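Colleague: Below is the file protein24.csv, with CSV, C-alpha atoms and all ligand atoms.
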chain,number,residue,atom,x,y,z
A,1,MET,CA,196.7,18.2,-106.0
A,2,THR,CA,196.1,17.2,-109.5
A,3,ALA,CA,192.6,16.8,-110.8
A,4,LEU,CA,193.2,13.0,-111.1
A,5,ALA,CA,194.4,12.7,-107.5
A,6,HIS,CA,191.4,14.8,-106.4
A,7,SER,CA,188.8,12.6,-108.1
A,8,ALA,CA,190.6,9.5,-106.7
A,9,THR,CA,190.2,10.9,-103.2
A,10,GLU,CA,186.6,11.8,-103.9
A,11,GLY,CA,186.0,8.2,-105.1
A,12,ARG,CA,187.4,6.8,-102.0
A,13,ASN,CA,185.2,9.1,-99.8
A,14,THR,CA,182.1,8.1,-101.7
A,15,ALA,CA,183.0,4.4,-101.3
A,16,ARG,CA,183.6,4.9,-97.6
A,17,SER,CA,180.2,6.7,-97.1
A,18,LEU,CA,178.5,4.0,-99.1
A,19,PHE,CA,180.1,1.4,-96.9
A,20,TRP,CA,178.8,3.2,-93.7
A,21,ILE,CA,175.3,3.7,-95.2
A,22,LEU,CA,175.0,0.0,-96.2
A,23,GLY,CA,176.4,-1.0,-92.8
A,24,ALA,CA,173.9,1.2,-91.0
A,25,ILE,CA,171.0,-0.3,-93.0
A,26,ALA,CA,172.2,-3.9,-92.3
A,27,PHE,CA,172.6,-3.1,-88.6
A,28,SER,CA,169.2,-1.6,-88.2
A,29,GLY,CA,167.7,-4.5,-90.1
A,30,LEU,CA,169.4,-6.8,-87.6
A,31,VAL,CA,168.1,-4.8,-84.6
A,32,ALA,CA,164.5,-4.8,-86.1
A,33,CYS,CA,164.7,-8.6,-86.5
A,34,THR,CA,165.9,-9.3,-83.0
A,35,ALA,CA,163.3,-6.8,-81.6
A,36,VAL,CA,160.5,-8.6,-83.3
A,37,GLY,CA,161.9,-12.0,-82.7
A,38,PRO,CA,161.8,-15.0,-85.1
A,39,VAL,CA,158.6,-14.8,-87.1
A,40,THR,CA,156.6,-18.0,-86.5
A,41,PRO,CA,153.8,-18.5,-89.0
A,42,VAL,CA,150.4,-18.5,-87.1
A,43,PRO,CA,148.0,-20.9,-88.7
A,44,THR,CA,144.4,-19.6,-89.1
A,45,PRO,CA,142.4,-21.3,-86.4
A,46,ARG,CA,140.0,-23.9,-87.8
A,47,VAL,CA,136.6,-23.6,-86.3
A,48,PRO,CA,135.6,-27.0,-85.1
A,49,THR,CA,132.0,-26.5,-86.0
A,50,ASP,CA,130.8,-29.9,-84.8
A,51,ASN,CA,132.3,-29.4,-81.4
A,52,LEU,CA,131.0,-25.8,-81.2
A,53,ARG,CA,127.6,-27.3,-81.9
A,54,LEU,CA,128.1,-29.8,-79.1
A,55,VAL,CA,128.6,-27.0,-76.6
A,56,ALA,CA,126.0,-24.6,-77.9
A,57,VAL,CA,122.9,-24.6,-75.7
A,58,LEU,CA,120.0,-26.1,-77.5
A,59,THR,CA,116.5,-24.6,-77.7
A,60,PRO,CA,114.1,-27.3,-76.7
A,61,ALA,CA,111.0,-28.1,-78.8
A,62,PRO,CA,107.9,-26.7,-77.1
A,63,SER,CA,105.9,-29.2,-75.0
A,64,VAL,CA,108.4,-32.0,-75.4
A,65,PRO,CA,109.6,-33.5,-72.0
A,66,GLY,CA,113.3,-34.2,-71.5
A,67,ASP,CA,116.5,-32.2,-71.8
A,68,PRO,CA,117.8,-31.9,-75.3
A,69,ASN,CA,121.3,-30.9,-74.2
A,70,ALA,CA,121.6,-34.1,-72.1
A,71,GLY,CA,120.1,-36.0,-75.0
A,72,ARG,CA,122.7,-34.7,-77.4
A,73,GLN,CA,125.5,-36.0,-75.0
A,74,ILE,CA,123.8,-39.4,-74.8
A,75,PHE,CA,123.4,-39.5,-78.6
A,76,VAL,CA,127.1,-38.9,-79.3
A,77,THR,CA,128.3,-41.2,-76.6
A,78,GLN,CA,126.0,-44.2,-77.4
A,79,ALA,CA,126.3,-46.2,-80.6
A,80,CYS,CA,123.7,-44.0,-82.4
A,81,PRO,CA,126.3,-42.2,-84.7
A,82,SER,CA,127.7,-45.5,-85.9
A,83,CYS,CA,124.4,-46.4,-87.6
A,84,HIS,CA,122.7,-43.0,-88.1
A,85,THR,CA,123.6,-39.7,-89.8
A,86,LEU,CA,122.5,-36.6,-88.0
A,87,ARG,CA,123.3,-33.1,-89.2
A,88,GLY,CA,124.9,-30.9,-86.5
A,89,VAL,CA,126.8,-33.6,-84.6
A,90,GLN,CA,129.5,-36.0,-85.7
A,91,ALA,CA,127.2,-38.7,-86.8
A,92,SER,CA,127.5,-40.2,-90.3
A,93,GLY,CA,126.4,-43.8,-90.0
A,94,VAL,CA,124.4,-45.3,-92.9
A,95,ILE,CA,123.1,-48.6,-91.5
A,96,GLY,CA,119.9,-46.8,-90.2
A,97,PRO,CA,118.0,-43.9,-91.7
A,98,ASN,CA,119.2,-40.3,-91.5
A,99,LEU,CA,117.7,-38.9,-88.3
A,100,THR,CA,118.0,-35.2,-89.3
A,101,ASN,CA,114.4,-33.8,-88.9
A,102,ILE,CA,113.2,-37.3,-88.1
A,103,THR,CA,110.5,-35.7,-85.9
A,104,LEU,CA,108.9,-34.1,-89.0
A,105,ARG,CA,107.9,-37.6,-90.2
A,106,PRO,CA,104.4,-38.8,-89.3
A,107,THR,CA,105.5,-42.3,-88.3
A,108,LEU,CA,108.6,-44.2,-87.0
A,109,GLY,CA,110.0,-47.3,-88.5
A,110,GLY,CA,108.3,-46.8,-91.9
A,111,GLY,CA,104.7,-46.8,-90.5
A,112,ALA,CA,105.4,-49.1,-87.4
A,113,ILE,CA,104.1,-46.5,-84.9
A,114,GLN,CA,102.9,-42.9,-84.9
A,115,ASN,CA,105.7,-40.4,-84.3
A,116,THR,CA,105.2,-38.7,-80.9
A,117,PRO,CA,107.7,-37.8,-78.2
A,118,GLU,CA,106.6,-40.7,-76.1
A,119,ASN,CA,106.7,-43.2,-79.0
A,120,LEU,CA,110.1,-42.0,-80.0
A,121,ALA,CA,111.4,-42.6,-76.5
A,122,ARG,CA,109.8,-46.0,-76.5
A,123,TRP,CA,111.3,-46.8,-79.9
A,124,ILE,CA,114.8,-45.8,-78.7
A,125,LYS,CA,114.5,-47.9,-75.6
A,126,ASN,CA,113.5,-51.0,-77.4
A,127,ALA,CA,113.0,-50.7,-81.2
A,128,PRO,CA,112.8,-54.4,-81.9
A,129,SER,CA,109.8,-54.7,-79.6
A,130,VAL,CA,108.0,-52.1,-81.8
A,131,LYS,CA,109.2,-53.5,-85.1
A,132,PRO,CA,110.6,-57.1,-84.8
A,133,GLY,CA,113.6,-58.2,-86.8
A,134,ILE,CA,115.2,-54.8,-87.4
A,135,ALA,CA,118.9,-54.1,-87.2
A,136,MET,CA,118.5,-51.5,-84.4
A,137,PRO,CA,119.3,-53.0,-81.0
A,138,ALA,CA,117.4,-52.3,-77.9
A,139,PHE,CA,118.9,-49.8,-75.5
A,140,GLU,CA,117.5,-51.3,-72.3
A,141,SER,CA,120.5,-49.9,-70.2
A,142,LEU,CA,119.3,-46.4,-70.8
A,143,THR,CA,116.9,-45.0,-68.2
A,144,ASP,CA,113.5,-43.7,-69.0
A,145,GLN,CA,114.9,-40.2,-68.4
A,146,GLN,CA,117.7,-40.8,-70.8
A,147,VAL,CA,115.5,-42.0,-73.6
A,148,ARG,CA,113.2,-39.0,-73.0
A,149,ASP,CA,116.3,-36.8,-73.2
A,150,LEU,CA,117.3,-38.4,-76.5
A,151,ALA,CA,113.7,-37.9,-77.9
A,152,ALA,CA,113.9,-34.2,-76.7
A,153,PHE,CA,117.2,-33.8,-78.5
A,154,LEU,CA,115.8,-35.2,-81.8
A,155,TYR,CA,112.7,-33.0,-81.4
A,156,SER,CA,114.9,-29.9,-80.8
A,157,VAL,CA,116.8,-30.4,-84.1
A,158,PRO,CA,114.4,-28.3,-86.3
A,159,TYR,CA,114.5,-25.5,-83.6
A,160,ASN,CA,118.2,-25.1,-83.7
A,161,VAL,CA,120.4,-23.4,-86.4
A,162,GLN,CA,122.9,-25.9,-87.8
A,201,LIG,C1,123.3,-51.2,-85.2
A,201,LIG,C2,122.7,-50.0,-85.8
A,201,LIG,C3,121.9,-49.0,-85.1
A,201,LIG,C4,122.2,-48.4,-83.9
A,201,LIG,C5,123.4,-48.6,-83.0
A,201,LIG,C6,121.1,-47.5,-83.7
A,201,LIG,N1,120.2,-47.6,-84.6
A,201,LIG,FE1,118.4,-46.5,-84.8
A,201,LIG,N2,117.9,-47.6,-86.5
A,201,LIG,C7,118.7,-48.6,-87.1
A,201,LIG,C8,118.0,-49.1,-88.2
A,201,LIG,C9,118.5,-50.2,-89.1
A,201,LIG,C10,116.8,-48.4,-88.3
A,201,LIG,C11,115.6,-48.7,-89.3
A,201,LIG,C12,114.6,-49.6,-88.7
A,201,LIG,C13,113.5,-50.0,-89.7
A,201,LIG,O1,112.5,-49.2,-89.7
A,201,LIG,O2,113.6,-50.9,-90.4
A,201,LIG,C14,116.8,-47.5,-87.2
A,201,LIG,C15,115.7,-46.6,-86.9
A,201,LIG,C16,115.8,-45.6,-85.9
A,201,LIG,C17,114.8,-44.6,-85.8
A,201,LIG,C18,113.5,-44.5,-86.6
A,201,LIG,C19,113.9,-43.9,-87.9
A,201,LIG,C20,112.7,-43.7,-88.9
A,201,LIG,O3,113.0,-43.2,-90.0
A,201,LIG,O4,111.6,-44.1,-88.6
A,201,LIG,C21,115.2,-43.8,-84.8
A,201,LIG,C22,114.5,-42.6,-84.2
A,201,LIG,C23,116.4,-44.3,-84.3
A,201,LIG,N3,116.8,-45.4,-85.0
A,201,LIG,C24,117.2,-43.7,-83.3
A,201,LIG,C25,118.3,-44.3,-82.8
A,201,LIG,C26,119.0,-43.8,-81.6
A,201,LIG,C27,118.6,-42.5,-80.8
A,201,LIG,C28,120.1,-44.6,-81.4
A,201,LIG,C29,121.1,-44.6,-80.3
A,201,LIG,C30,120.6,-44.6,-78.9
A,201,LIG,C31,120.1,-45.6,-82.5
A,201,LIG,N4,119.0,-45.4,-83.2
A,201,LIG,C32,121.0,-46.6,-82.6
A,201,LIG,C33,120.0,-49.0,-86.7
A,201,LIG,C34,120.6,-48.5,-85.5
So that I can check it, write out the structure of this file as C-alpha cells.
Modeller:
Amino acid sequence: MTALAHSATEGRNTARSLFWILGAIAFSGLVACTAVGPVTPVPTPRVPTDNLRLVAVLTPAPSVPGDPNAGRQIFVTQACPSCHTLRGVQASGVIGPNLTNITLRPTLGGGAIQNTPENLARWIKNAPSVKPGIAMPAFESLTDQQVRDLAAFLYSVPYNVQ
C-alpha cells in the first residue's frame, strides 16, 4: 500500500469512528430526553396571602366576647369590604374609614360614642341610630351573636400578625 492509500484508509476510518461517536451521543441524548419526559415549566406557586390569612386561626383579644374567626367570615361575606379597608383581609373600600386598628381609637364615628366591644357591636348593628345621617347602613339582619363576632374580629386585629 502506498503512503497515500494508507492515509486515505486512515481518514475513512477516522470519519467512520467519528460517525459512530456522534451517533452514540445523539442516541443517548434521545434516551435521556424520553426517560425524563417533556420538560414542562413549573411556575413558582404564588402564596395567596389574603386567603392564608382567612384560614389562619385568630388569637382573640382578651376579655372581648364573640368569636373573631366567625367574625372574619361575616366581615368578608357582608358588604363591609365594599366600603372599608382592613389590612389582612381582602377589603379595600374607601367610602368609610379604614378599620385597621379601629379598636385603638377612643371613640367611634368621630366622637359619636365611646369605643368599647359592646358599643362597637351596637354600632355595626345599627350605625345610623348612633349617628344619624351617615352613609353606613344598619345591619339589622345580623344576629346579636354575629355583631359580637364582628366586634371580636375587629378587636383581634392588633393581636394577630398581618
Ligand atoms: C355603604 C358603605 C358602608 C358599609 C357597607 C359599611 N360601612 Fe361601616 N362605615 C361607613 C361610613 C361612611 C362610616 C363613617 C361614619 C361616620 O362616622 O360618619 C362607617 C363607619 C364604621 C365604623 C366606625 C369607624 C370609625 O372610625 O369610627 C365601623 C367600626 C364600621 N363602619 C364597621 C363596619 C362593618 C363591620 C361593616 C359590615 C358589617 C360596615 N361597616 C359596612 C360606611 C359603610
Colleague: Find the residue from A:Asp67, A:Ala79, A:Gln145, A:Ala138 that sits nearest to ligand LIG 201 (chain A); use all atoms listed in the file when measuring.
Modeller: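 Looking at the shortest contact to ligand LIG 201 (chain A), the residue is A:Ala79.
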Colleague: Identify, counting all atoms listed in the file, the protein, DNA and RNA residues located within 6 Å of ligand LIG 201 (chain A), and give them as a PyMOL selection string.
Modeller: chain A and resi 75+78-80+83+95-97+108-110+124+134-136
Colleague: Provide the atom CA of Ala61 of chain A to atom CA of Val161 of chain A distance in Å, to one decimal place.
Modeller: 13.0 Å
Colleague: Around the point (105.9, -52.3, -82.7) in the file's coordinates, collect all residues with an atom within 10 Å, using only C-alpha atoms, and return them as JSON, numbers by chain.
Modeller: {"A": [108, 109, 111, 112, 113, 119, 122, 123, 126, 127, 128, 129, 130, 131, 132]}
Colleague: Could you check how far atom CA of Leu154 of chain A sits from atom CA of Gly133 of chain A, in Å to one decimal?
Modeller: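 Atom-to-atom, atom CA of Leu154 of chain A to atom CA of Gly133 of chain A, that is 23.6 Å.
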Colleague: For atom CA of Leu86 of chain A and atom CA of Leu99 of chain A, determine how far apart the two atoms are, in Å to one decimal place.
Modeller: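 These atoms are spaced 5.3 Å apart.
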Colleague: Could you tell me which of A:Ser156, A:Thr85, A:Asn98, A:Ser92 comes closest to Pro68 of chain A if we count only C-alpha atoms?
Modeller: A:Ser156
